[in-house]
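Let me begin by presenting the structure, written as structure tokens, before commenting on it.
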Amino acid sequence: MKRIAIFASGSGSNAENIIRYFSNSTKIKVVSVLTNNPNAKVIERAKILNVSSIIFSKLDLYESQDFFDNLIKEVDYIILAGFLWLMPKRIIDQFPQKIINIHPALLPKYGGKGMFGMKVHQSVIDNKEKETGITIHYVNEKYDEGTIIFQKEVNVVWNDTSETVAEKVHQLEYEYYPKVIETVILKDEF
């Protein structure tokens, strides 16, 4: 059984979707949700789905050896679902090609520090893009620059707003993120 931890900072809709997707799996299990935001809705979502939550600080993530050691013992993969901090090098080194993130645009466009959520979708609208989508990628030491695993496009039409683009992108996230995670993890077993 491969064990995954989900890192999230906000509402947790993607985290909930991933937890539900793997809830009956005999090969992959979500064992914890970790958040840097004590008010994040993801905590409530995890509780409803019987997944433990861990709230941590910047000091925990970047400095605490105990936090790091416990994480290593607990999980095989780390999944980022709306987590906005850079992963520290020591965690990336310990989980090579085992930290996966999703970005709400077709990288390398609209990636990097500060490009998340509605900022991305508004930039797509402002630049009159004809398409956008999702990028699922491995995490490295820079924002949104890890090796791309999967991309899926969606059309942007003349009357789209940042809100309608966000909804289209969310639908892609919900459909593809758990499937891609599953593919990566199961492929790694052989």
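Identifiers in this document derive from the order of the structure tokens: chains are assigned A, B, ..., residues are numbered from 1 separately in each chain, and ligands are numbered from 1 in order of occurrence.
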Taking 4 positions as the minimum chain separation for residues in the same chain, which residues sit within 7 Å of Leu172 in chain A when counting only C-alpha atoms? Answer as a short mmCIF file (atom, residue, chain, number, x, y, z; two decimals) with C-alpha atoms, in the first residue's frame.
data_model
loop_
_atom_site.label_atom_id
_atom_site.label_comp_id
_atom_site.auth_asym_id
_atom_site.auth_seq_id
_atom_site.Cartn_x
_atom_site.Cartn_y
_atom_site.Cartn_z
CA ILE A 134 -3.90 22.30 -16.17
CA LYS A 168 -13.48 25.00 -16.61
CA TYR A 176 -7.49 14.27 -14.18
#
Find the residues around Ala5 in chain A up to 9 Å (only C-alpha atoms counted), leave out those fewer than 6 positions away in its own chain, and share them as a compact mmCIF listing (two decimals) with N, CA and C atoms, in the first residue's frame.
# COMPACT_ATOMS: atom_id res chain seq x y z
N LYS A 29 -3.42 4.96 -0.44
CA LYS A 29 -4.24 5.49 0.65
C LYS A 29 -3.75 6.88 1.03
N VAL A 30 -4.68 7.81 1.18
CA VAL A 30 -4.35 9.13 1.72
C VAL A 30 -4.32 8.99 3.24
N VAL A 31 -3.15 9.21 3.83
CA VAL A 31 -3.01 9.00 5.27
C VAL A 31 -3.08 10.30 6.08
N SER A 32 -2.84 11.44 5.42
CA SER A 32 -2.91 12.70 6.16
C SER A 32 -3.03 13.88 5.22
N VAL A 33 -3.58 14.95 5.78
CA VAL A 33 -3.64 16.24 5.12
C VAL A 33 -2.84 17.20 5.98
N LEU A 34 -1.92 17.90 5.36
CA LEU A 34 -1.08 18.85 6.08
C LEU A 34 -1.36 20.25 5.57
N LEU A 71 7.37 12.91 8.75
CA LEU A 71 6.81 12.88 7.40
C LEU A 71 7.40 11.71 6.61
N GLU A 74 5.95 8.38 7.57
CA GLU A 74 4.52 8.24 7.35
C GLU A 74 4.15 7.99 5.90
N VAL A 75 4.86 8.59 4.94
CA VAL A 75 4.36 8.60 3.56
C VAL A 75 5.39 8.17 2.52
N ASP A 76 4.83 7.76 1.37
CA ASP A 76 5.64 7.41 0.21
C ASP A 76 5.65 8.51 -0.84
N TYR A 77 4.54 9.26 -0.92
CA TYR A 77 4.37 10.34 -1.89
C TYR A 77 3.76 11.56 -1.22
N ILE A 78 4.10 12.72 -1.74
CA ILE A 78 3.50 13.98 -1.29
C ILE A 78 2.76 14.58 -2.48
N ILE A 79 1.51 14.95 -2.24
CA ILE A 79 0.69 15.56 -3.27
C ILE A 79 0.37 16.98 -2.83
N LEU A 80 0.65 17.95 -3.68
CA LEU A 80 0.31 19.34 -3.38
C LEU A 80 -1.02 19.66 -4.06
Per residue of range 82-136 of chain A within 12 Å of range 44-67 of chain A, note the shortest atom pair and the distance in Å to one decimal, counting only C-alpha atoms, and order the rows by chain and increasing residue number, as CSV.
residue,atom,partner,partner_atom,distance
A:Leu84,CA,A:Lys58,CA,11.7
A:Trp85,CA,A:Lys58,CA,8.9
A:Leu86,CA,A:Tyr62,CA,9.7
A:Met87,CA,A:Leu61,CA,8.1
A:Pro88,CA,A:Tyr62,CA,6.1
A:Lys89,CA,A:Tyr62,CA,9.0
A:Arg90,CA,A:Tyr62,CA,8.8
A:Ile91,CA,A:Leu61,CA,9.1
A:Ile92,CA,A:Tyr62,CA,11.8
Write out as an mmCIF file with N, CA and C atoms, in the first residue's frame each polymer residue whose atoms come within 12 Å of Ile185 in chain A, counting only C-alpha atoms; drop sequence neighbours fewer than 6 positions from it.
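Saved as selection-v6.cif:
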data_model
loop_
_atom_site.group_PDB
_atom_site.id
_atom_site.type_symbol
_atom_site.label_atom_id
_atom_site.label_comp_id
_atom_site.auth_asym_id
_atom_site.auth_seq_id
_atom_site.Cartn_x
_atom_site.Cartn_y
_atom_site.Cartn_z
ATOM 1 N N MET A 1 0.843 -1.190 0.000
ATOM 2 C CA MET A 1 0.000 0.000 0.000
ATOM 3 C C MET A 1 0.881 1.244 0.000
ATOM 4 N N LYS A 2 0.719 2.082 -1.011
ATOM 5 C CA LYS A 2 1.442 3.347 -1.072
ATOM 6 C C LYS A 2 0.647 4.397 -0.298
ATOM 7 N N ARG A 3 1.344 5.131 0.555
ATOM 8 C CA ARG A 3 0.700 6.113 1.419
ATOM 9 C C ARG A 3 1.031 7.522 0.923
ATOM 10 N N ILE A 4 0.006 8.352 0.823
ATOM 11 C CA ILE A 4 0.234 9.720 0.375
ATOM 12 C C ILE A 4 -0.236 10.726 1.421
ATOM 13 N N LYS A 27 -4.464 -0.119 -3.189
ATOM 14 C CA LYS A 27 -3.057 0.121 -3.497
ATOM 15 C C LYS A 27 -2.545 1.485 -3.045
ATOM 16 N N ILE A 28 -3.461 2.453 -2.892
ATOM 17 C CA ILE A 28 -3.057 3.818 -2.540
ATOM 18 C C ILE A 28 -4.005 4.336 -1.461
ATOM 19 N N LYS A 29 -3.418 4.962 -0.442
ATOM 20 C CA LYS A 29 -4.238 5.489 0.653
ATOM 21 C C LYS A 29 -3.750 6.885 1.033
ATOM 22 N N ASP A 76 4.832 7.757 1.370
ATOM 23 C CA ASP A 76 5.643 7.406 0.207
ATOM 24 C C ASP A 76 5.645 8.512 -0.845
ATOM 25 N N TYR A 77 4.537 9.260 -0.916
ATOM 26 C CA TYR A 77 4.371 10.340 -1.894
ATOM 27 C C TYR A 77 3.762 11.556 -1.219
ATOM 28 N N ILE A 78 4.100 12.724 -1.737
ATOM 29 C CA ILE A 78 3.501 13.979 -1.294
ATOM 30 C C ILE A 78 2.762 14.579 -2.480
ATOM 31 N N ILE A 79 1.513 14.951 -2.240
ATOM 32 C CA ILE A 79 0.691 15.564 -3.273
ATOM 33 C C ILE A 79 0.368 16.983 -2.832
ATOM 34 N N GLN A 97 11.141 12.736 -7.382
ATOM 35 C CA GLN A 97 10.067 12.368 -8.312
ATOM 36 C C GLN A 97 8.880 11.750 -7.573
ATOM 37 N N LYS A 98 8.684 12.150 -6.320
ATOM 38 C CA LYS A 98 7.563 11.640 -5.527
ATOM 39 C C LYS A 98 6.781 12.766 -4.863
ATOM 40 N N ILE A 99 7.000 13.994 -5.336
ATOM 41 C CA ILE A 99 6.190 15.137 -4.921
ATOM 42 C C ILE A 99 5.539 15.673 -6.190
ATOM 43 N N ILE A 100 4.223 15.679 -6.197
ATOM 44 C CA ILE A 100 3.461 16.048 -7.397
ATOM 45 C C ILE A 100 2.606 17.270 -7.084
ATOM 46 N N PRO A 178 -6.503 13.061 -9.787
ATOM 47 C CA PRO A 178 -6.393 11.753 -9.116
ATOM 48 C C PRO A 178 -5.934 10.634 -10.051
ATOM 49 N N LYS A 179 -6.398 10.658 -11.294
ATOM 50 C CA LYS A 179 -6.012 9.613 -12.252
ATOM 51 C C LYS A 179 -4.518 9.660 -12.561
#
Checklist entry - Mind checking DSSP for chain A and telling me the strand (DSSP E) residues as a PyMOL selection string? => result chain A and resi 2-8+28-35+52-55+77-80+99-103+131-138+148-155
Item to check | Which of A:Pro104, A:Lys119, A:Tyr110, A:Thr35 sits closest to Gln171 in chain A [using only C-alpha atoms] | outcome: A:Pro104
Item to check | Expected answer as a ChimeraX atom specification: alpha helix (DSSP H) residues in chain A | outcome: /A:13-22,41-48,58-63,65-74,89-94,117-126,162-188
Could you please take those selected residues and save C-alpha atoms as a compact mmCIF listing (two decimals), in the first residue's frame?
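Output contents, as saved in selection.txt:
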# COMPACT_ATOMS: atom_id res chain seq x y z
CA SER A 13 -11.74 20.83 -2.92
CA ASN A 14 -8.93 19.08 -4.81
CA ALA A 15 -7.77 17.37 -1.61
CA GLU A 16 -11.31 16.12 -0.98
CA ASN A 17 -11.57 14.88 -4.56
CA ILE A 18 -8.28 12.96 -4.21
CA ILE A 19 -9.29 11.45 -0.85
CA ARG A 20 -12.62 10.31 -2.27
CA TYR A 21 -10.95 8.88 -5.39
CA PHE A 22 -8.63 6.67 -3.33
CA LYS A 41 -11.44 24.56 5.03
CA VAL A 42 -9.39 21.50 4.01
CA ILE A 43 -9.17 20.60 7.73
CA GLU A 44 -12.96 20.25 7.94
CA ARG A 45 -13.12 18.31 4.67
CA ALA A 46 -10.45 15.86 5.87
CA LYS A 47 -12.20 15.35 9.19
CA ILE A 48 -15.49 14.48 7.46
CA LYS A 58 7.05 27.74 8.47
CA LEU A 59 9.50 26.83 11.18
CA ASP A 60 8.17 23.25 11.22
CA LEU A 61 8.51 22.87 7.46
CA TYR A 62 11.83 24.55 6.94
CA GLU A 63 13.69 23.94 10.21
CA GLN A 65 13.99 17.77 11.99
CA ASP A 66 11.15 16.08 13.91
CA PHE A 67 8.56 17.28 11.39
CA PHE A 68 10.72 16.03 8.55
CA ASP A 69 11.48 12.67 10.18
CA ASN A 70 7.81 12.02 10.95
CA LEU A 71 6.81 12.88 7.40
CA ILE A 72 9.35 10.46 5.95
CA LYS A 73 8.15 7.63 8.19
CA GLU A 74 4.52 8.24 7.35
CA LYS A 89 15.32 21.05 -0.61
CA ARG A 90 15.72 18.39 2.07
CA ILE A 91 12.16 17.14 1.47
CA ILE A 92 12.58 17.26 -2.32
CA ASP A 93 15.82 15.30 -1.98
CA GLN A 94 14.15 12.69 0.23
CA GLY A 117 -5.85 30.83 -8.27
CA MET A 118 -7.76 33.72 -9.77
CA LYS A 119 -4.56 35.64 -10.58
CA VAL A 120 -3.78 32.96 -13.16
CA HIS A 121 -7.27 32.96 -14.67
CA GLN A 122 -7.44 36.76 -14.82
CA SER A 123 -4.06 36.82 -16.60
CA VAL A 124 -5.39 34.31 -19.14
CA ILE A 125 -8.38 36.61 -19.80
CA ASP A 126 -6.29 39.81 -19.85
CA SER A 162 -11.93 34.68 -14.91
CA GLU A 163 -14.73 32.92 -12.99
CA THR A 164 -15.89 30.83 -15.97
CA VAL A 165 -12.29 29.97 -16.83
CA ALA A 166 -11.72 28.94 -13.20
CA GLU A 167 -14.73 26.61 -13.39
CA LYS A 168 -13.48 25.00 -16.61
CA VAL A 169 -10.03 24.49 -15.09
CA HIS A 170 -11.49 23.09 -11.84
CA GLN A 171 -13.39 20.49 -13.85
CA LEU A 172 -10.13 19.40 -15.50
CA GLU A 173 -8.42 19.25 -12.09
CA TYR A 174 -11.15 17.07 -10.60
CA GLU A 175 -11.22 14.73 -13.58
CA TYR A 176 -7.49 14.27 -14.18
CA TYR A 177 -5.47 14.95 -11.02
CA PRO A 178 -6.39 11.75 -9.12
CA LYS A 179 -6.01 9.61 -12.25
CA VAL A 180 -2.55 11.01 -13.01
CA ILE A 181 -1.47 10.54 -9.38
CA GLU A 182 -2.64 6.94 -9.56
CA THR A 183 -0.83 6.32 -12.84
CA VAL A 184 2.44 7.76 -11.53
CA ILE A 185 2.31 5.80 -8.27
CA LEU A 186 1.29 2.48 -9.79
CA LYS A 187 3.85 2.79 -12.57
CA ASP A 188 6.48 3.34 -9.88
Next on the checklist: If I take CA of Tyr138 in chain A and CA of Asn101 in chain A, how far is one from the other in Å, to one decimal?
Outcome noted: 6.2 Å
